[in-house]
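Asker: Compact mmCIF, C-alpha atoms and all ligand atoms, file my_file_30.txt:
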```
# COMPACT_ATOMS: atom_id res chain seq x y z
CA MET A 4 48.99 90.68 80.31
CA GLN A 5 52.26 91.01 82.15
CA VAL A 6 55.35 88.87 82.58
CA ASP A 7 57.67 89.73 85.45
CA ILE A 8 61.35 89.01 85.41
CA THR A 9 63.06 88.63 88.74
CA LEU A 10 66.78 89.10 88.35
CA LYS A 11 68.95 87.41 90.90
CA LYS A 12 72.01 89.39 91.96
CA THR A 13 74.55 86.61 91.60
CA VAL A 14 77.45 88.66 90.30
CA ASP A 15 79.87 90.03 92.84
CA ASN A 16 81.80 92.92 91.32
CA SER A 17 84.11 93.39 94.30
CA TYR A 18 87.81 93.85 93.60
CA SER A 19 91.12 94.73 95.21
CA ILE A 20 93.17 97.86 94.80
CA VAL A 21 96.86 97.14 95.26
CA ILE A 22 99.05 100.15 96.14
CA ASP A 23 102.57 98.90 95.61
CA GLU A 24 105.01 97.81 92.94
CA ILE A 25 103.06 95.97 90.24
CA PRO A 26 103.36 92.22 90.86
CA LYS A 27 104.41 89.86 88.07
CA ILE A 28 101.19 88.60 86.48
CA HIS A 29 100.61 86.13 83.68
CA PHE A 30 97.22 86.00 81.96
CA ASP A 31 96.18 82.81 80.23
CA THR A 32 94.00 84.81 77.83
CA LYS A 33 94.25 87.45 75.13
CA VAL A 34 95.16 90.78 76.69
CA ALA A 35 95.33 94.27 75.21
CA ILE A 36 97.13 97.09 76.95
CA VAL A 37 95.46 100.37 75.99
CA THR A 38 97.71 103.38 76.36
CA ASN A 39 98.96 106.55 74.64
CA PRO A 40 102.36 107.32 73.06
CA LYS A 41 103.52 109.44 76.00
CA VAL A 42 102.83 106.84 78.69
CA ALA A 43 104.06 104.02 76.44
CA GLY A 44 107.31 105.90 75.77
CA LEU A 45 107.92 106.45 79.46
CA HIS A 46 106.72 103.27 81.09
CA LEU A 47 105.63 100.47 78.74
CA GLY A 48 109.01 98.71 79.06
CA TYR A 49 108.56 98.53 82.83
CA LEU A 50 104.97 97.29 82.51
CA LEU A 51 106.01 94.59 80.07
CA SER A 52 108.58 93.38 82.58
CA ARG A 53 105.67 92.69 84.95
CA ILE A 54 102.79 91.60 82.69
CA SER A 55 102.68 88.69 80.27
CA ALA A 56 99.83 86.91 78.52
CA LYS A 57 98.98 84.08 76.14
CA GLU A 58 98.62 86.77 73.46
CA LEU A 59 99.49 90.36 74.30
CA TYR A 60 98.62 93.38 72.15
CA ILE A 61 99.35 97.08 72.62
CA ILE A 62 96.71 99.57 71.45
CA THR A 63 97.63 103.25 71.43
CA VAL A 64 95.32 106.20 71.04
CA PRO A 65 96.41 109.85 70.85
CA ASP A 66 97.15 111.63 74.12
CA GLY A 67 94.72 114.23 75.46
CA GLU A 68 91.23 114.93 76.73
CA GLU A 69 90.21 115.97 73.20
CA TYR A 70 90.78 112.38 72.09
CA LYS A 71 88.50 110.89 74.74
CA ASN A 72 85.94 110.45 72.00
CA GLN A 73 84.11 108.06 69.71
CA GLN A 74 86.99 107.95 67.25
CA SER A 75 89.41 106.62 69.88
CA VAL A 76 86.78 104.20 71.16
CA ASP A 77 86.37 102.94 67.57
CA THR A 78 90.15 102.55 67.22
CA ILE A 79 90.23 100.33 70.31
CA LEU A 80 87.14 98.33 69.26
CA GLU A 81 88.50 97.83 65.76
CA SER A 82 91.71 96.38 67.14
CA LEU A 83 89.80 94.00 69.45
CA PHE A 84 87.73 92.72 66.53
CA ASN A 85 90.82 92.37 64.32
CA HIS A 86 92.55 90.29 66.98
CA ARG A 87 89.37 88.28 67.60
CA PHE A 88 89.05 89.12 71.25
CA ASN A 89 86.39 87.08 72.96
CA ARG A 90 84.41 87.38 76.18
CA LYS A 91 87.26 85.88 78.21
CA SER A 92 89.78 88.41 76.90
CA MET A 93 91.01 91.23 79.07
CA LEU A 94 91.85 94.91 78.64
CA ILE A 95 94.39 96.81 80.68
CA ALA A 96 94.01 100.57 80.95
CA PHE A 97 97.53 101.97 81.21
CA GLY A 98 97.60 105.74 81.56
CA GLY A 99 95.80 108.62 83.23
CA GLY A 100 92.07 109.10 83.69
CA VAL A 101 91.47 109.64 79.96
CA ILE A 102 92.84 106.20 79.08
CA GLY A 103 91.17 104.64 82.15
CA ASP A 104 87.72 106.03 81.38
CA MET A 105 87.85 105.07 77.69
CA THR A 106 89.29 101.59 78.22
CA GLY A 107 86.68 100.94 80.88
CA TYR A 108 83.96 102.12 78.53
CA VAL A 109 85.16 99.90 75.67
CA SER A 110 85.31 96.93 78.03
CA SER A 111 81.74 97.65 79.11
CA ILE A 112 80.42 97.49 75.54
CA TYR A 113 82.68 95.00 73.71
CA GLN A 114 80.55 91.88 73.25
CA ARG A 115 78.29 93.34 75.98
CA GLY A 116 81.09 93.52 78.49
CA ILE A 117 84.51 92.01 79.13
CA ASP A 118 86.92 92.35 82.06
CA PHE A 119 89.47 95.10 82.45
CA ILE A 120 92.18 96.14 84.85
CA GLN A 121 93.21 99.65 85.76
CA ILE A 122 96.89 100.57 85.97
CA PRO A 123 96.69 104.34 86.54
CA THR A 124 99.79 106.44 85.95
CA THR A 125 98.76 109.96 87.06
CA LEU A 126 98.12 110.96 90.65
CA LEU A 127 94.56 111.99 89.77
CA SER A 128 93.80 108.64 88.23
CA GLN A 129 95.48 106.75 91.09
CA VAL A 130 93.43 108.44 93.79
CA ASP A 131 90.16 108.92 91.95
CA ALA A 132 89.50 107.96 88.31
CA SER A 133 90.72 104.34 88.45
CA VAL A 134 88.54 103.46 91.43
CA GLY A 135 84.78 103.06 91.35
CA GLY A 136 83.90 101.95 87.85
CA LYS A 137 82.80 105.19 86.21
CA THR A 138 83.77 104.88 82.55
CA GLY A 139 83.02 107.04 79.58
CA MET A 140 83.93 109.46 76.86
CA ASN A 141 83.09 112.99 75.73
CA ASN A 142 81.04 114.20 72.79
CA SER A 143 80.13 117.58 71.34
CA TYR A 144 77.51 118.10 74.07
CA GLY A 145 80.01 117.83 76.90
CA LYS A 146 82.35 115.78 79.04
CA ASN A 147 81.61 112.23 80.17
CA LEU A 148 78.05 112.36 78.88
CA ILE A 149 78.34 108.87 77.39
CA GLY A 150 79.41 105.97 79.56
CA ALA A 151 78.58 103.15 81.87
CA PHE A 152 79.29 101.93 85.35
CA HIS A 153 81.66 99.01 84.80
CA GLN A 154 83.95 97.99 87.64
CA PRO A 155 87.51 96.86 86.91
CA ARG A 156 88.60 93.36 88.03
CA ALA A 157 91.54 94.95 89.88
CA VAL A 158 93.44 98.21 90.22
CA TYR A 159 97.24 98.29 90.48
CA ILE A 160 98.51 101.61 91.77
CA ASP A 161 102.27 101.81 91.45
CA PRO A 162 103.57 105.15 92.79
CA TYR A 163 106.74 104.66 90.71
CA PHE A 164 104.91 106.03 87.65
CA LEU A 165 104.50 109.37 89.40
CA THR A 166 108.25 110.04 89.24
CA THR A 167 107.79 111.31 85.67
CA LEU A 168 104.60 113.28 86.25
CA PRO A 169 104.82 117.04 85.53
CA THR A 170 104.36 119.28 88.60
CA ARG A 171 101.02 120.71 87.47
CA GLU A 172 99.58 117.24 86.88
CA PHE A 173 100.78 116.27 90.35
CA GLY A 174 98.99 119.29 91.85
CA ALA A 175 95.80 118.39 89.98
CA GLY A 176 95.87 115.01 91.69
CA VAL A 177 96.47 116.62 95.07
CA ALA A 178 93.27 118.64 94.59
CA GLU A 179 91.27 115.39 94.37
CA ILE A 180 93.02 114.10 97.50
CA VAL A 181 92.06 117.30 99.36
CA LYS A 182 88.49 116.81 98.10
CA MET A 183 88.25 113.38 99.76
CA ALA A 184 89.73 114.67 103.03
CA VAL A 185 87.54 117.77 103.35
CA THR A 186 84.33 115.90 102.66
CA PHE A 187 84.90 112.65 104.53
CA ASN A 188 87.90 112.56 106.82
CA LYS A 189 89.06 115.28 109.21
CA ASP A 190 92.04 113.22 110.48
CA PHE A 191 93.19 112.75 106.90
CA PHE A 192 92.90 116.51 106.31
CA GLU A 193 95.05 117.19 109.39
CA PHE A 194 97.56 114.60 108.17
CA LEU A 195 97.71 116.44 104.82
CA GLU A 196 98.24 119.79 106.53
CA LYS A 197 101.39 118.45 108.17
CA ALA A 198 102.49 116.18 105.29
CA ASP A 199 104.91 116.75 102.45
CA LEU A 200 103.47 114.79 99.55
CA LYS A 201 106.74 115.12 97.66
CA ASP A 202 108.10 112.49 100.06
CA PRO A 203 107.32 109.14 98.35
CA LYS A 204 106.46 107.34 101.61
CA VAL A 205 104.09 110.10 102.71
CA LEU A 206 102.58 110.19 99.23
CA GLN A 207 101.93 106.45 99.29
CA GLU A 208 100.11 106.84 102.62
CA ALA A 209 98.03 109.73 101.22
CA ILE A 210 97.14 107.68 98.12
CA LYS A 211 96.06 104.82 100.39
CA GLN A 212 93.86 107.07 102.53
CA ALA A 213 92.28 108.76 99.50
CA VAL A 214 91.58 105.40 97.86
CA GLN A 215 90.14 103.99 101.09
CA THR A 216 87.83 106.99 101.32
CA LYS A 217 86.67 106.64 97.75
CA ALA A 218 86.30 102.86 98.02
CA SER A 219 84.13 103.22 101.09
CA VAL A 220 81.85 105.74 99.35
CA VAL A 221 81.57 103.58 96.21
CA ALA A 222 80.83 100.49 98.33
CA GLN A 223 77.87 102.33 99.84
CA ASP A 224 76.56 103.87 96.62
CA GLU A 225 78.03 102.32 93.49
CA LYS A 226 75.77 104.00 90.95
CA GLU A 227 75.54 107.46 92.53
CA HIS A 228 72.00 107.45 93.81
CA GLY A 229 73.05 109.59 96.77
CA LEU A 230 76.27 109.68 98.78
CA ARG A 231 78.63 109.20 95.82
CA ALA A 232 77.61 112.61 94.48
CA ALA A 233 79.60 114.04 97.40
CA LEU A 234 82.76 113.09 95.49
CA ASN A 235 81.83 115.93 93.18
CA TYR A 236 82.66 118.54 95.83
CA GLY A 237 84.23 121.46 93.94
CA HIS A 238 83.01 120.09 90.61
CA THR A 239 79.74 122.06 90.25
CA PHE A 240 81.73 125.32 90.20
CA GLY A 241 84.82 123.69 88.66
CA HIS A 242 82.94 122.43 85.60
CA VAL A 243 81.67 125.94 84.87
CA ILE A 244 85.22 127.30 85.12
CA GLU A 245 86.49 124.59 82.75
CA ASN A 246 83.65 125.31 80.36
CA GLU A 247 84.18 129.11 80.44
CA THR A 248 87.89 128.70 79.80
CA GLN A 249 87.29 126.12 77.02
CA TYR A 250 89.19 123.44 78.97
CA LYS A 251 92.45 125.21 78.03
CA GLN A 252 93.46 127.33 80.99
CA TYR A 253 93.10 124.89 83.87
CA LEU A 254 93.68 121.21 84.38
CA HIS A 255 90.58 119.50 85.76
CA GLY A 256 92.05 119.26 89.27
CA GLU A 257 92.99 122.95 89.19
CA ALA A 258 89.43 123.94 88.30
CA VAL A 259 88.20 121.67 91.10
CA ALA A 260 90.56 123.45 93.53
CA ILE A 261 88.95 126.81 92.70
CA GLY A 262 85.54 125.11 92.76
CA MET A 263 86.16 123.87 96.30
CA VAL A 264 87.00 127.41 97.42
CA MET A 265 83.72 128.63 95.86
CA ALA A 266 81.76 125.79 97.46
CA ASN A 267 83.35 126.72 100.80
CA GLU A 268 82.19 130.33 100.39
CA THR A 269 78.67 128.99 99.81
CA ALA A 270 79.00 126.76 102.87
CA ILE A 271 80.07 129.75 104.97
CA LYS A 272 76.94 131.63 103.87
CA MET A 273 74.84 128.58 104.80
CA ASN A 274 76.54 128.39 108.24
CA LEU A 275 78.01 124.98 107.41
CA MET A 276 81.67 126.00 107.54
CA ASP A 277 83.52 128.84 109.27
CA GLU A 278 86.04 131.26 107.75
CA LYS A 279 88.95 129.64 109.58
CA GLU A 280 88.16 126.20 108.15
CA ALA A 281 87.85 127.68 104.67
CA SER A 282 91.25 129.38 105.07
CA ARG A 283 92.83 126.06 106.08
CA VAL A 284 91.58 124.50 102.83
CA ILE A 285 93.02 127.41 100.83
CA SER A 286 96.40 127.10 102.60
CA LEU A 287 96.55 123.39 101.83
CA LEU A 288 95.75 123.96 98.14
CA LYS A 289 98.32 126.76 97.91
CA LYS A 290 100.98 124.46 99.35
CA TYR A 291 100.81 122.58 96.02
CA ASP A 292 100.57 125.77 93.91
CA LEU A 293 96.93 125.14 93.09
CA PRO A 294 94.85 128.15 92.00
CA THR A 295 92.32 129.25 94.61
CA THR A 296 90.58 132.14 92.91
CA TYR A 297 88.95 133.01 89.60
CA LYS A 298 87.56 136.25 88.20
CA ILE A 299 83.97 135.72 87.05
CA LYS A 300 83.24 137.99 84.11
CA ASP A 301 79.49 137.54 83.88
CA ILE A 302 77.66 136.01 86.84
CA ARG A 303 74.44 135.41 84.84
CA SER A 304 76.27 133.35 82.27
CA PHE A 305 78.25 131.56 85.02
CA TYR A 306 74.96 130.71 86.74
CA GLU A 307 73.32 129.45 83.52
CA THR A 308 76.27 127.13 82.87
CA PHE A 309 75.55 125.31 86.16
CA PHE A 310 72.62 123.68 84.38
CA LEU A 311 74.93 121.72 82.04
CA ASP A 312 76.07 119.74 85.09
CA LYS A 313 74.90 116.09 85.10
CA LYS A 314 73.72 116.52 88.70
CA SER A 315 71.37 119.37 87.79
CA SER A 316 67.85 118.65 86.72
CA ASP A 317 65.17 121.01 85.43
CA ASP A 318 65.50 124.17 87.49
CA LYS A 319 67.49 122.64 90.37
CA ILE A 320 71.25 122.76 90.82
CA THR A 321 72.83 120.26 93.16
CA PHE A 322 75.58 121.66 95.35
CA ILE A 323 78.03 119.61 97.37
CA LEU A 324 78.92 121.66 100.41
CA PRO A 325 81.42 120.86 103.15
CA VAL A 326 80.14 120.67 106.68
CA GLY A 327 83.14 121.92 108.60
CA ILE A 328 86.12 119.76 107.69
CA GLY A 329 85.33 116.07 107.37
CA GLY A 330 81.61 116.38 106.66
CA VAL A 331 79.49 116.98 103.58
CA LYS A 332 75.97 117.98 102.58
CA ILE A 333 74.36 117.36 99.19
CA THR A 334 71.66 119.93 98.57
CA ASP A 335 69.62 121.49 95.81
CA ASP A 336 68.08 123.93 98.23
CA ILE A 337 70.38 126.94 98.26
CA PRO A 338 68.57 130.29 97.95
CA LEU A 339 69.31 132.01 94.64
CA GLY A 340 70.35 135.13 96.58
CA THR A 341 73.04 133.13 98.41
CA ILE A 342 74.46 131.72 95.19
CA MET A 343 74.48 135.17 93.58
CA CYS A 344 76.19 136.62 96.64
CA VAL A 345 79.00 134.04 96.29
CA LEU A 346 79.31 134.65 92.54
CA ASN A 347 79.38 138.41 93.17
CA LYS A 348 82.32 137.99 95.49
CA PHE A 349 84.29 136.30 92.69
CA GLU A 350 83.14 138.89 90.13
CA ALA A 351 84.50 141.66 92.32
CA ILE A 352 88.03 140.20 92.41
P1 LIG A 401 95.17 112.46 81.53
O1 LIG A 401 94.77 111.07 81.44
O2 LIG A 401 94.91 113.34 80.36
O3 LIG A 401 96.70 112.54 81.93
C1 LIG A 401 97.31 113.81 82.01
C2 LIG A 401 98.61 113.86 81.18
O4 LIG A 401 99.63 113.14 81.86
C3 LIG A 401 98.48 113.22 79.82
O5 LIG A 401 99.24 113.96 78.89
C4 LIG A 401 99.10 111.85 80.04
O6 LIG A 401 99.59 111.25 78.86
C5 LIG A 401 100.22 112.20 80.97
N1 LIG A 401 100.73 111.13 81.80
C6 LIG A 401 100.07 110.05 82.29
N2 LIG A 401 100.86 109.36 83.11
C7 LIG A 401 102.04 109.99 83.13
C8 LIG A 401 103.26 109.75 83.81
N3 LIG A 401 103.39 108.74 84.67
N4 LIG A 401 104.29 110.61 83.60
C9 LIG A 401 104.16 111.66 82.75
N5 LIG A 401 103.01 111.96 82.10
C10 LIG A 401 101.97 111.12 82.30
O7 LIG A 401 94.48 113.20 82.77
P2 LIG A 401 94.14 112.72 84.27
O8 LIG A 401 94.22 113.95 85.09
O9 LIG A 401 94.90 111.53 84.66
O10 LIG A 401 92.62 112.28 84.15
C11 LIG A 401 91.62 113.19 83.74
C12 LIG A 401 90.48 112.39 83.18
O11 LIG A 401 89.97 111.54 84.22
C13 LIG A 401 89.32 113.22 82.72
O12 LIG A 401 88.90 112.76 81.46
C14 LIG A 401 88.24 113.00 83.77
O13 LIG A 401 86.95 113.09 83.23
C15 LIG A 401 88.55 111.61 84.22
N6 LIG A 401 88.11 111.31 85.59
C16 LIG A 401 87.37 110.19 85.77
C17 LIG A 401 86.95 109.85 87.04
C18 LIG A 401 86.18 108.59 87.24
O14 LIG A 401 85.70 108.36 88.35
N7 LIG A 401 86.07 107.74 86.25
C19 LIG A 401 87.27 110.66 88.13
C20 LIG A 401 88.05 111.78 87.92
C21 LIG A 401 88.46 112.11 86.62
N1 LIG A 402 85.01 111.21 90.57
C1 LIG A 402 83.71 111.08 91.12
C2 LIG A 402 83.24 109.67 91.22
O1 LIG A 402 83.93 108.73 90.92
O2 LIG A 402 82.13 109.47 91.61
```
What do you get writing this file as C-alpha cells?
Answerer:
Amino acid sequence: MQVDITLKKTVDNSYSIVIDEIPKIHFDTKVAIVTNPKVAGLHLGYLLSRISAKELYIITVPDGEEYKNQQSVDTILESLFNHRFNRKSMLIAFGGGVIGDMTGYVSSIYQRGIDFIQIPTTLLSQVDASVGGKTGMNNSYGKNLIGAFHQPRAVYIDPYFLTTLPTREFGAGVAEIVKMAVTFNKDFFEFLEKADLKDPKVLQEAIKQAVQTKASVVAQDEKEHGLRAALNYGHTFGHVIENETQYKQYLHGEAVAIGMVMANETAIKMNLMDEKEASRVISLLKKYDLPTTYKIKDIRSFYETFFLDKKSSDDKITFILPVGIGGVKITDDIPLGTIMCVLNKFEAI
C-alpha cells in the first residue's frame, strides 16, 4: 500500500537586499532584535532610531564564534517563549555572521519557522553570510554542522556600521569579496585591482557587486546541489588551516585568503589557471594585508583533515578551483599526487 503526497510549491521565498541607509520601518507585530553586547554598545541606538514595533525586545548573547552554540540558541528561544512570540512575530539579526547564522537558525525552528530579517554589521556578513539563507550553529564535532536553509524576509546592508569595524575584520570581509570576483566575475576582479575599498563610495559599489554575484548563485542553486558549492572557493584548504590552528590564529576570511592561494596552486597544476593570474590574486589579497601563505607541518595530517569538510564524502574530497579569473570548476577528481605536490610546496616554506 502506498499513499503519495504531492506538495505544491506555493511559497515564494524571494526577498530584497537593500544596500543603503536603513529605512525607517515600523512592524505591527512582536519583534526581537538579536545581537551581542559589542554591536549593541556601538550601534543599537542608531538601529532603534530606524526600527519600531508593536512590541520590541532586545536579546543579547555573548560575542564570539565560541558562543555560536546550543546554549546561545536556547537563550534566544527561552526569551521568545517568555515573551509569547507567535508565528507572526519577527526576529532581526543584528551583528556579524555569528549573530546572523544563529538568529536565522532560531527563526527556522521556533514554532517550525518564523520570519527574520538580516541587518549585518561586518563586511563579511554584508557581502556573504547575510545573503542566501544558510543558518546554523557549531557543536563539538565542528562548525556549522547543525542548521537549516531558511531565507530572511529582507536584508538591510548599511555600510555605516563598517566605520567601527577593526582593520583585520575588514580584511576578512575583503577576502570573501575577492572569492566572488575570482570565481564568477572577471570585470569585478579588475575593478577590485584598481579600487581602494577604504573609500566608502567604492566600498558600497564592491558590496553591491559581491551581493549581486552571491544572489545570482543562490537564485540558481538555493540548497547547494551544485553551483553554490563554488562559493566555498578557498574554504576546503581554509577550513583545514582554521582547524589546525584551533580557530585562534586566523579569522575565517584570513584562512580563506590562504586557502584561495592553495586552491590556485592546485588549479595551476591542473592547467586551469596560469602563474600570472595566481600572482594577481595574491597581490589583491596583500593590498588588504591578508595572509597568503601558511607553513604546513605535517602534510598527511593536513590531508586527513580535508575529510571533515561538509563537501567531502567517503573517500572523495571536493575542490573548488578557479578557471582563470572569473571562472570556476567544482571537482572531486584531482589526482592524489597533484594534491600532495601542492601540500609539499607549502610544507617546504
Ligand atoms: P562575527 O560575527 O564573529 O563578527 C566579528 C567581530 O566583529 C565580533 O566580535 C563582532 O561582535 C564584531 N562586530 C560586528 N559588527 C561590528 C561593527 N560594526 N563594528 C565593530 N565590531 C563589530 O564574525 P563574521 O566574520 O561577521 O562572521 C563569521 C561567521 O559567519 C562564522 O560563524 C561563519 O560560519 C559565518 N558565515 C556564514 C555564512 C552563511 O552563508 N550563512 C557565510 C560566511 C560566513
Ligand atoms: N558562504 C557560502 C554560501 O553561502 O554558500
Asker: Considering only C-alpha atoms and all ligand atoms, can you say which of A:Pro169, A:Gly44, A:Gly150, A:Gly116 comes closest to ligand LIG 401 (chain A)?
Answerer: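 Smallest distance to ligand LIG 401 (chain A) is found for A:Pro169.
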Asker: Counting only C-alpha atoms and all ligand atoms, which residues of chain A fall within 7 Å of ligand LIG 402 (chain A), and what is the closest atom pair for each with its distance in Å at one decimal, ordered by chain and rising number, as a tab-separated table?
Answerer:
```
residue	atom	partner	partner_atom	distance
A:Asp131	CA	A:LIG402	N1	5.8
A:Ala132	CA	A:LIG402	N1	6.0
A:Gly135	CA	A:LIG402	O1	5.7
A:Lys137	CA	A:LIG402	O1	6.0
A:Glu227	CA	A:LIG402	O2	7.0
A:Arg231	CA	A:LIG402	O2	5.5
A:Ala232	CA	A:LIG402	O2	6.2
A:Leu234	CA	A:LIG402	C1	4.9
A:Asn235	CA	A:LIG402	C1	5.6
```
Asker: Write as number ranges by chain the residues around ligand LIG 401 (chain A), taking 8 Å as the cut-off and counting all atoms listed in the file.
Answerer: A: 39-42, 45-46, 66-68, 71, 98-104, 123-128, 131-140, 146-147, 164-169, 172, 175-176, 254-256
Asker: I want to know what sits within 8 Å of Pro294 of chain A, based on all atoms listed in the file, with residues of the same chain fewer than 4 positions away left out; could you give that as a list in words?
Answerer: Glu257, Ala258, Ala260, Ile261, Leu288 and Lys289 of chain A
Asker: Just the selected residues (C-alpha atoms), exported as a PDB file, in the frame of the given file, please.
Answerer:
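The file below, selection_29.pdb, is the result:
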```pdb
ATOM      1  CA  GLU A 257      92.990 122.950  89.190  1.00  0.00           C
ATOM      2  CA  ALA A 258      89.430 123.940  88.300  1.00  0.00           C
ATOM      3  CA  ALA A 260      90.560 123.450  93.530  1.00  0.00           C
ATOM      4  CA  ILE A 261      88.950 126.810  92.700  1.00  0.00           C
ATOM      5  CA  LEU A 288      95.750 123.960  98.140  1.00  0.00           C
ATOM      6  CA  LYS A 289      98.320 126.760  97.910  1.00  0.00           C
TER       7      LYS A 289
END
```
Asker: Ranking A:Asp15, A:Ile342, A:Leu195, A:Tyr163 by minimum distance to Lys290 of chain A and counting only C-alpha atoms, which one comes first?
Answerer: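 Comparing A:Asp15, A:Ile342, A:Leu195, A:Tyr163 against Lys290 of chain A, the winner is A:Leu195.
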Asker: Between A:Gln154, A:Gly327, A:Tyr250, A:Thr239, which residue has the minimum interatomic distance to Ala184 of chain A, considering all atoms listed in the file?
Answerer: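 Nearest to Ala184 of chain A: A:Gly327.
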Asker: For segment 214-218 of chain A, find every residue with an atom within 12 Å (counting all atoms listed in the file), except residues of its own chain fewer than 4 positions away, and show them as a ChimeraX atom specification.
Answerer: /A:17-22,126-136,154,158-160,179-192,207-210,222-225,230-235,329
Asker: Counting all atoms listed in the file, what is within 10 Å of segment 262-265 of chain A, bar same-chain residues fewer than 5 positions away, as a compact mmCIF listing (two decimals) with C-alpha atoms, in the coordinates of the input?
Answerer:
```
# COMPACT_ATOMS: atom_id res chain seq x y z
CA ALA A 178 93.27 118.64 94.59
CA VAL A 181 92.06 117.30 99.36
CA LYS A 182 88.49 116.81 98.10
CA VAL A 185 87.54 117.77 103.35
CA ASN A 235 81.83 115.93 93.18
CA TYR A 236 82.66 118.54 95.83
CA GLY A 237 84.23 121.46 93.94
CA HIS A 238 83.01 120.09 90.61
CA THR A 239 79.74 122.06 90.25
CA PHE A 240 81.73 125.32 90.20
CA GLY A 241 84.82 123.69 88.66
CA HIS A 242 82.94 122.43 85.60
CA VAL A 243 81.67 125.94 84.87
CA ILE A 244 85.22 127.30 85.12
CA GLY A 256 92.05 119.26 89.27
CA GLU A 257 92.99 122.95 89.19
CA ALA A 270 79.00 126.76 102.87
CA ILE A 271 80.07 129.75 104.97
CA ALA A 281 87.85 127.68 104.67
CA SER A 282 91.25 129.38 105.07
CA VAL A 284 91.58 124.50 102.83
CA ILE A 285 93.02 127.41 100.83
CA LEU A 288 95.75 123.96 98.14
CA PRO A 294 94.85 128.15 92.00
CA THR A 295 92.32 129.25 94.61
CA THR A 296 90.58 132.14 92.91
CA TYR A 297 88.95 133.01 89.60
CA ILE A 323 78.03 119.61 97.37
CA LEU A 324 78.92 121.66 100.41
CA PRO A 325 81.42 120.86 103.15
CA ILE A 342 74.46 131.72 95.19
CA VAL A 345 79.00 134.04 96.29
CA LEU A 346 79.31 134.65 92.54
CA LYS A 348 82.32 137.99 95.49
CA PHE A 349 84.29 136.30 92.69
```
